[in-house]
file run_31.tsv (TSV, C-alpha atoms)
chain	number	residue	atom	x	y	z
A	1000	SER	CA	8.50	-19.51	30.55
A	1001	ALA	CA	10.22	-16.27	29.65
A	1002	LEU	CA	10.05	-14.34	26.42
A	1003	PHE	CA	13.23	-12.99	24.91
A	1004	TRP	CA	13.19	-9.95	22.67
A	1005	THR	CA	16.21	-8.93	20.71
A	1006	GLU	CA	16.34	-5.93	18.48
A	1007	ILE	CA	18.75	-5.83	15.58
A	1008	GLU	CA	19.56	-3.17	13.03
A	1009	LEU	CA	20.13	-4.01	9.41
A	1010	LEU	CA	21.61	-1.88	6.67
A	1011	SER	CA	19.31	-1.79	3.68
A	1012	PRO	CA	20.73	-2.79	0.33
A	1013	ALA	CA	21.55	0.05	-2.06
A	1014	VAL	CA	19.53	-1.51	-4.90
A	1015	PRO	CA	15.71	-1.78	-4.74
A	1016	GLY	CA	14.16	-5.23	-4.96
A	1017	LEU	CA	13.04	-8.20	-2.89
A	1018	VAL	CA	15.59	-9.41	-0.33
A	1019	THR	CA	15.31	-12.67	1.62
A	1020	LEU	CA	17.04	-12.75	5.01
A	1021	SER	CA	17.21	-15.23	7.84
A	1022	ALA	CA	17.28	-14.87	11.60
A	1023	GLN	CA	18.65	-17.57	13.85
A	1024	PHE	CA	18.20	-18.18	17.56
A	1025	ASP	CA	21.11	-19.97	19.17
A	1026	ALA	CA	20.06	-21.45	22.52
A	1027	ALA	CA	23.51	-22.81	23.41
A	1028	GLU	CA	24.09	-20.29	26.21
A	1029	LEU	CA	20.73	-20.68	27.98
A	1030	ASP	CA	20.44	-22.43	31.36
A	1031	LEU	CA	17.45	-24.49	30.21
A	1032	PRO	CA	17.76	-26.80	27.25
A	1033	HIS	CA	16.22	-25.34	24.10
A	1034	ALA	CA	16.67	-26.12	20.46
A	1035	GLY	CA	18.00	-23.42	18.19
A	1036	VAL	CA	15.58	-22.20	15.52
A	1037	SER	CA	15.81	-20.09	12.41
A	1038	SER	CA	13.32	-18.34	10.20
A	1039	TYR	CA	13.45	-16.73	6.77
A	1040	PHE	CA	11.68	-13.49	5.91
A	1041	SER	CA	11.49	-11.24	2.87
A	1042	VAL	CA	11.67	-7.48	2.70
A	1043	ALA	CA	10.85	-5.29	-0.30
A	1044	ILE	CA	13.46	-2.54	-0.65
A	1045	VAL	CA	12.06	0.57	-2.37
A	1046	GLU	CA	13.54	3.85	-3.55
A	1047	ARG	CA	13.86	6.51	-0.85
A	1048	PRO	CA	10.83	8.86	-0.99
A	1049	GLU	CA	11.69	12.43	-1.93
A	1050	HIS	CA	8.34	14.00	-2.76
A	1051	ARG	CA	4.78	14.23	-1.45
A	1052	LEU	CA	1.97	13.23	-3.79
A	1053	THR	CA	-1.50	14.33	-2.68
A	1054	VAL	CA	-4.37	12.46	-4.33
A	1055	LYS	CA	-7.98	13.62	-4.16
A	1056	VAL	CA	-10.58	11.01	-5.10
A	1057	ILE	CA	-14.05	12.26	-6.04
A	1058	ALA	CA	-17.24	10.70	-7.39
A	1059	LYS	CA	-17.58	11.38	-11.10
A	1060	GLU	CA	-21.35	11.94	-10.90
A	1061	THR	CA	-21.44	14.27	-7.89
A	1062	ALA	CA	-17.86	15.59	-7.45
A	1063	LEU	CA	-18.17	14.60	-3.75
A	1064	PRO	CA	-15.03	13.30	-2.01
A	1065	ILE	CA	-14.70	9.52	-1.63
A	1066	GLU	CA	-13.52	8.24	1.75
A	1067	ASP	CA	-11.68	4.92	2.25
A	1068	ALA	CA	-10.56	4.58	-1.38
A	1069	GLN	CA	-7.30	2.64	-1.75
A	1070	VAL	CA	-4.59	4.46	-3.73
A	1071	ARG	CA	-1.58	2.54	-5.03
A	1072	LEU	CA	1.46	3.46	-7.08
A	1073	GLY	CA	3.53	0.27	-7.19
A	1074	PRO	CA	4.67	-0.43	-3.61
A	1075	TYR	CA	3.57	3.03	-2.37
A	1076	ARG	CA	0.06	2.98	-0.88
A	1077	ALA	CA	-2.42	5.04	1.10
A	1078	SER	CA	-6.16	5.36	1.65
A	1079	THR	CA	-8.30	8.46	1.47
A	1080	GLY	CA	-9.67	10.13	4.57
A	1081	PRO	CA	-12.98	12.01	5.04
A	1082	PRO	CA	-12.12	14.84	2.60
A	1083	GLY	CA	-11.20	12.26	-0.07
A	1084	LEU	CA	-7.48	12.99	0.30
A	1085	ALA	CA	-4.52	10.63	0.53
A	1086	ALA	CA	-0.87	11.66	0.90
A	1087	ILE	CA	1.91	9.39	-0.31
A	1088	ARG	CA	5.66	9.93	-0.01
A	1089	MET	CA	7.19	9.04	-3.41
A	1090	PRO	CA	10.55	8.91	-5.16
A	1091	THR	CA	11.18	10.54	-8.53
A	1092	GLY	CA	9.93	8.40	-11.39
A	1093	HIS	CA	7.12	7.24	-13.65
A	1094	PHE	CA	4.20	5.46	-11.97
A	1095	ALA	CA	0.74	4.13	-12.78
A	1096	ILE	CA	-1.74	5.23	-10.14
A	1097	HIS	CA	-4.55	2.80	-9.32
A	1098	VAL	CA	-7.56	3.70	-7.19
A	1099	TRP	CA	-9.92	1.06	-5.82
A	1100	LYS	CA	-13.13	1.17	-3.82
A	1101	ALA	CA	-15.92	-1.43	-3.78
A	1102	GLY	CA	-18.84	-0.29	-5.92
A	1103	TYR	CA	-16.73	2.03	-8.08
A	1104	GLU	CA	-14.52	1.78	-11.12
A	1105	ALA	CA	-11.55	3.99	-11.83
A	1106	PRO	CA	-9.23	4.28	-14.79
A	1107	SER	CA	-5.50	3.78	-14.28
A	1108	THR	CA	-3.58	7.04	-14.69
A	1109	GLU	CA	0.10	7.49	-15.56
A	1110	LEU	CA	2.12	10.03	-13.57
A	1111	ASN	CA	5.64	11.41	-13.73
A	1112	ILE	CA	6.77	12.39	-10.25
A	1113	GLY	CA	9.56	14.96	-10.18
A	1114	GLY	CA	8.51	17.02	-7.17
A	1115	ASP	CA	5.62	17.50	-4.79
A	1116	ALA	CA	2.39	17.08	-6.76
A	1117	PHE	CA	-1.41	17.02	-6.55
A	1118	VAL	CA	-3.73	14.89	-8.69
A	1119	GLN	CA	-7.50	14.52	-8.66
A	1120	ILE	CA	-9.01	11.19	-9.71
A	1121	GLU	CA	-12.68	10.78	-10.64
A	1122	ILE	CA	-14.19	7.36	-10.00
A	1123	ALA	CA	-17.56	6.25	-11.33
A	1124	ALA	CA	-20.17	4.37	-9.32
A	1125	ILE	CA	-21.00	0.97	-10.78
A	1126	PRO	CA	-24.77	0.74	-11.19
A	1127	GLU	CA	-26.33	-1.97	-9.05
A	1128	GLU	CA	-27.87	-4.79	-11.03
A	1129	ASP	CA	-31.60	-5.27	-10.67
A	1130	PRO	CA	-32.01	-8.80	-9.27
A	1131	ASP	CA	-35.52	-8.99	-10.79
A	1132	ALA	CA	-34.51	-7.79	-14.29
A	1133	HIS	CA	-34.77	-11.30	-15.75
A	1134	TRP	CA	-38.40	-11.60	-14.61
A	1135	LYS	CA	-39.47	-8.11	-15.74
A	1136	GLY	CA	-38.74	-8.57	-19.43
call {"tool": "encode", "arguments": {"input": "run_31.tsv", "output": "structure tokens"}}
result
Amino acid sequence: SALFWTEIELLSPAVPGLVTLSAQFDAAELDLPHAGVSSYFSVAIVERPEHRLTVKVIAKETALPIEDAQVRLGPYRASTGPPGLAAIRMPTGHFAIHVWKAGYEAPSTELNIGGDAFVQIEIAAIPEEDPDAHWKG
């Protein structure tokens, strides 16, 4: 059995949003009998990035950088590396920035992006619950 790979180029729509497309395989010209198949897929079209947003995530209690924190501004995402930094290419606009890491809580922050920017986000460690607290009191 042979695998066939076809590459196609699509022009992206001018307006951002969710687009559903379909691809169809027509087996009519193959030497061996095959049925034609089709498949639908969706693509999220976003604004073209114009600026670079650098986000530094630090621990509120220690000011130490937090690695592997997830940073999201709508469809634009990144995760922090060892120095607590994440870089995201962004379009101009107003965004809510959300930071997530297990064991921490972080407030949502509103940003207006109009050029390259830097923001530092402090996240607080969630205290671990004492599993024996019920029996101590």
call {"tool": "residues_around", "arguments": {"input": "run_31.tsv", "residues": "stretch 1104-1115 of chain A", "least_positions_apart": "6", "cutoff": "8 Å", "atoms": "all atoms listed in the file", "output": "ChimeraX atom specification"}}
result
/A:1049-1052,1089-1098,1121-1125
call {"tool": "closest_residue", "arguments": {"input": "run_31.tsv", "among": "A:Ile1007, A:Ala1013, A:Ile1065, A:Ala1116", "to": "A:Arg1088", "atoms": "all atoms listed in the file"}}
result
A:Ala1116
call {"tool": "closest_residue", "arguments": {"input": "run_31.tsv", "among": "A:Ala1101, A:Gly1083, A:Ile1057, A:Leu1009", "to": "A:Ala1022", "atoms": "only C-alpha atoms"}}
result
A:Leu1009
call {"tool": "residues_around", "arguments": {"input": "run_31.tsv", "residues": "A:Ser1078", "least_positions_apart": "6", "cutoff": "6 Å", "atoms": "all atoms listed in the file", "output": "list in words"}}
result
Asp1067, Ala1068, Gln1069, Val1070 and Ala1085 of chain A
call {"tool": "write_last_selection", "arguments": {"input": "run_31.tsv", "atoms": "C-alpha atoms", "output": "PDB file, in the frame of the given file"}}
result
ATOM      1  CA  ASP A1067     -11.680   4.920   2.250  1.00  0.00           C
ATOM      2  CA  ALA A1068     -10.560   4.580  -1.380  1.00  0.00           C
ATOM      3  CA  GLN A1069      -7.300   2.640  -1.750  1.00  0.00           C
ATOM      4  CA  VAL A1070      -4.590   4.460  -3.730  1.00  0.00           C
ATOM      5  CA  ALA A1085      -4.520  10.630   0.530  1.00  0.00           C
TER       6      ALA A1085
END
call {"tool": "atom_distance", "arguments": {"input": "run_31.tsv", "atom1": "atom CA of A:Gly1080", "atom2": "atom CA of A:Thr1053"}}
result
11.7 Å
call {"tool": "decode", "arguments": {"input": "run_31.tsv", "residues": "stretch 1032-1076 of chain A", "atoms": "N, CA and C atoms", "output": "short mmCIF file (atom, residue, chain, number, x, y, z; two decimals), in the first residue's frame"}}
result
data_model
loop_
_atom_site.label_atom_id
_atom_site.label_comp_id
_atom_site.auth_asym_id
_atom_site.auth_seq_id
_atom_site.Cartn_x
_atom_site.Cartn_y
_atom_site.Cartn_z
N PRO A 1032 -8.79 0.09 -7.32
CA PRO A 1032 -10.08 0.67 -6.91
C PRO A 1032 -10.03 1.18 -5.47
N HIS A 1033 -10.39 2.40 -5.28
CA HIS A 1033 -10.49 3.04 -3.98
C HIS A 1033 -11.75 3.89 -3.96
N ALA A 1034 -12.30 4.06 -2.80
CA ALA A 1034 -13.44 4.97 -2.67
C ALA A 1034 -12.91 6.37 -2.39
N GLY A 1035 -13.59 7.35 -2.91
CA GLY A 1035 -13.24 8.73 -2.60
C GLY A 1035 -13.67 9.05 -1.17
N VAL A 1036 -12.96 9.91 -0.50
CA VAL A 1036 -13.28 10.29 0.86
C VAL A 1036 -13.17 11.81 0.99
N SER A 1037 -13.85 12.34 1.98
CA SER A 1037 -13.72 13.76 2.26
C SER A 1037 -13.68 13.95 3.78
N SER A 1038 -13.17 15.07 4.19
CA SER A 1038 -13.06 15.38 5.60
C SER A 1038 -13.22 16.88 5.79
N TYR A 1039 -13.89 17.27 6.86
CA TYR A 1039 -14.04 18.67 7.22
C TYR A 1039 -13.03 19.02 8.31
N PHE A 1040 -12.56 20.25 8.29
CA PHE A 1040 -11.68 20.73 9.35
C PHE A 1040 -11.94 22.21 9.56
N SER A 1041 -11.63 22.68 10.75
CA SER A 1041 -11.84 24.08 11.09
C SER A 1041 -10.51 24.75 11.36
N VAL A 1042 -10.44 26.02 11.01
CA VAL A 1042 -9.24 26.82 11.21
C VAL A 1042 -9.67 28.15 11.83
N ALA A 1043 -8.98 28.55 12.89
CA ALA A 1043 -9.24 29.86 13.49
C ALA A 1043 -8.34 30.89 12.82
N ILE A 1044 -8.95 31.87 12.19
CA ILE A 1044 -8.21 32.95 11.52
C ILE A 1044 -8.07 34.09 12.53
N VAL A 1045 -6.85 34.54 12.77
CA VAL A 1045 -6.58 35.61 13.73
C VAL A 1045 -5.96 36.80 13.03
N GLU A 1046 -5.98 37.93 13.71
CA GLU A 1046 -5.33 39.13 13.18
C GLU A 1046 -3.84 38.89 13.00
N ARG A 1047 -3.26 39.50 12.00
CA ARG A 1047 -1.82 39.37 11.75
C ARG A 1047 -1.04 40.03 12.89
N PRO A 1048 -0.09 39.30 13.50
CA PRO A 1048 0.70 39.89 14.59
C PRO A 1048 1.60 41.01 14.08
N GLU A 1049 1.66 42.08 14.85
CA GLU A 1049 2.48 43.24 14.48
C GLU A 1049 3.53 43.57 15.54
N HIS A 1050 3.28 43.12 16.77
CA HIS A 1050 4.11 43.54 17.89
C HIS A 1050 4.59 42.33 18.69
N ARG A 1051 5.60 42.56 19.51
CA ARG A 1051 6.12 41.51 20.39
C ARG A 1051 5.81 41.89 21.84
N LEU A 1052 5.05 41.04 22.50
CA LEU A 1052 4.77 41.21 23.92
C LEU A 1052 5.66 40.25 24.69
N THR A 1053 6.45 40.77 25.62
CA THR A 1053 7.27 39.94 26.49
C THR A 1053 6.63 39.94 27.86
N VAL A 1054 6.37 38.75 28.39
CA VAL A 1054 5.73 38.60 29.69
C VAL A 1054 6.71 37.91 30.63
N LYS A 1055 6.92 38.53 31.80
CA LYS A 1055 7.74 37.89 32.84
C LYS A 1055 6.80 37.50 33.96
N VAL A 1056 6.85 36.22 34.35
CA VAL A 1056 6.01 35.71 35.42
C VAL A 1056 6.91 35.40 36.61
N ILE A 1057 6.56 36.02 37.77
CA ILE A 1057 7.36 35.82 38.99
C ILE A 1057 6.44 35.40 40.14
N ALA A 1058 7.05 34.75 41.13
CA ALA A 1058 6.33 34.37 42.34
C ALA A 1058 6.15 35.61 43.21
N LYS A 1059 4.94 35.85 43.65
CA LYS A 1059 4.64 37.03 44.45
C LYS A 1059 5.45 37.06 45.75
N GLU A 1060 5.60 35.91 46.39
CA GLU A 1060 6.27 35.84 47.69
C GLU A 1060 7.79 36.01 47.60
N THR A 1061 8.40 35.53 46.52
CA THR A 1061 9.86 35.50 46.45
C THR A 1061 10.45 36.34 45.31
N ALA A 1062 9.62 36.77 44.37
CA ALA A 1062 10.05 37.49 43.17
C ALA A 1062 10.93 36.62 42.26
N LEU A 1063 10.93 35.30 42.49
CA LEU A 1063 11.69 34.39 41.62
C LEU A 1063 10.90 34.11 40.35
N PRO A 1064 11.59 33.92 39.22
CA PRO A 1064 10.89 33.62 37.97
C PRO A 1064 10.19 32.27 38.02
N ILE A 1065 9.05 32.18 37.35
CA ILE A 1065 8.26 30.95 37.30
C ILE A 1065 8.37 30.36 35.90
N GLU A 1066 8.90 29.14 35.83
CA GLU A 1066 9.06 28.41 34.57
C GLU A 1066 7.79 27.60 34.29
N ASP A 1067 7.51 27.38 33.01
CA ASP A 1067 6.39 26.55 32.55
C ASP A 1067 5.01 27.10 32.93
N ALA A 1068 4.89 28.40 33.09
CA ALA A 1068 3.58 29.02 33.28
C ALA A 1068 2.97 29.25 31.90
N GLN A 1069 1.68 29.00 31.77
CA GLN A 1069 0.98 29.19 30.50
C GLN A 1069 0.44 30.62 30.45
N VAL A 1070 0.74 31.32 29.37
CA VAL A 1070 0.31 32.71 29.18
C VAL A 1070 -0.62 32.74 27.98
N ARG A 1071 -1.81 33.34 28.16
CA ARG A 1071 -2.79 33.37 27.07
C ARG A 1071 -3.43 34.75 26.97
N LEU A 1072 -3.53 35.23 25.75
CA LEU A 1072 -4.26 36.44 25.43
C LEU A 1072 -5.16 36.08 24.26
N GLY A 1073 -6.38 35.63 24.55
CA GLY A 1073 -7.27 35.14 23.50
C GLY A 1073 -6.61 33.96 22.80
N PRO A 1074 -6.50 34.00 21.47
CA PRO A 1074 -5.91 32.87 20.75
C PRO A 1074 -4.38 32.87 20.75
N TYR A 1075 -3.76 33.89 21.31
CA TYR A 1075 -2.30 34.02 21.30
C TYR A 1075 -1.76 33.43 22.61
N ARG A 1076 -0.84 32.46 22.49
CA ARG A 1076 -0.38 31.70 23.66
C ARG A 1076 1.11 31.46 23.64
#
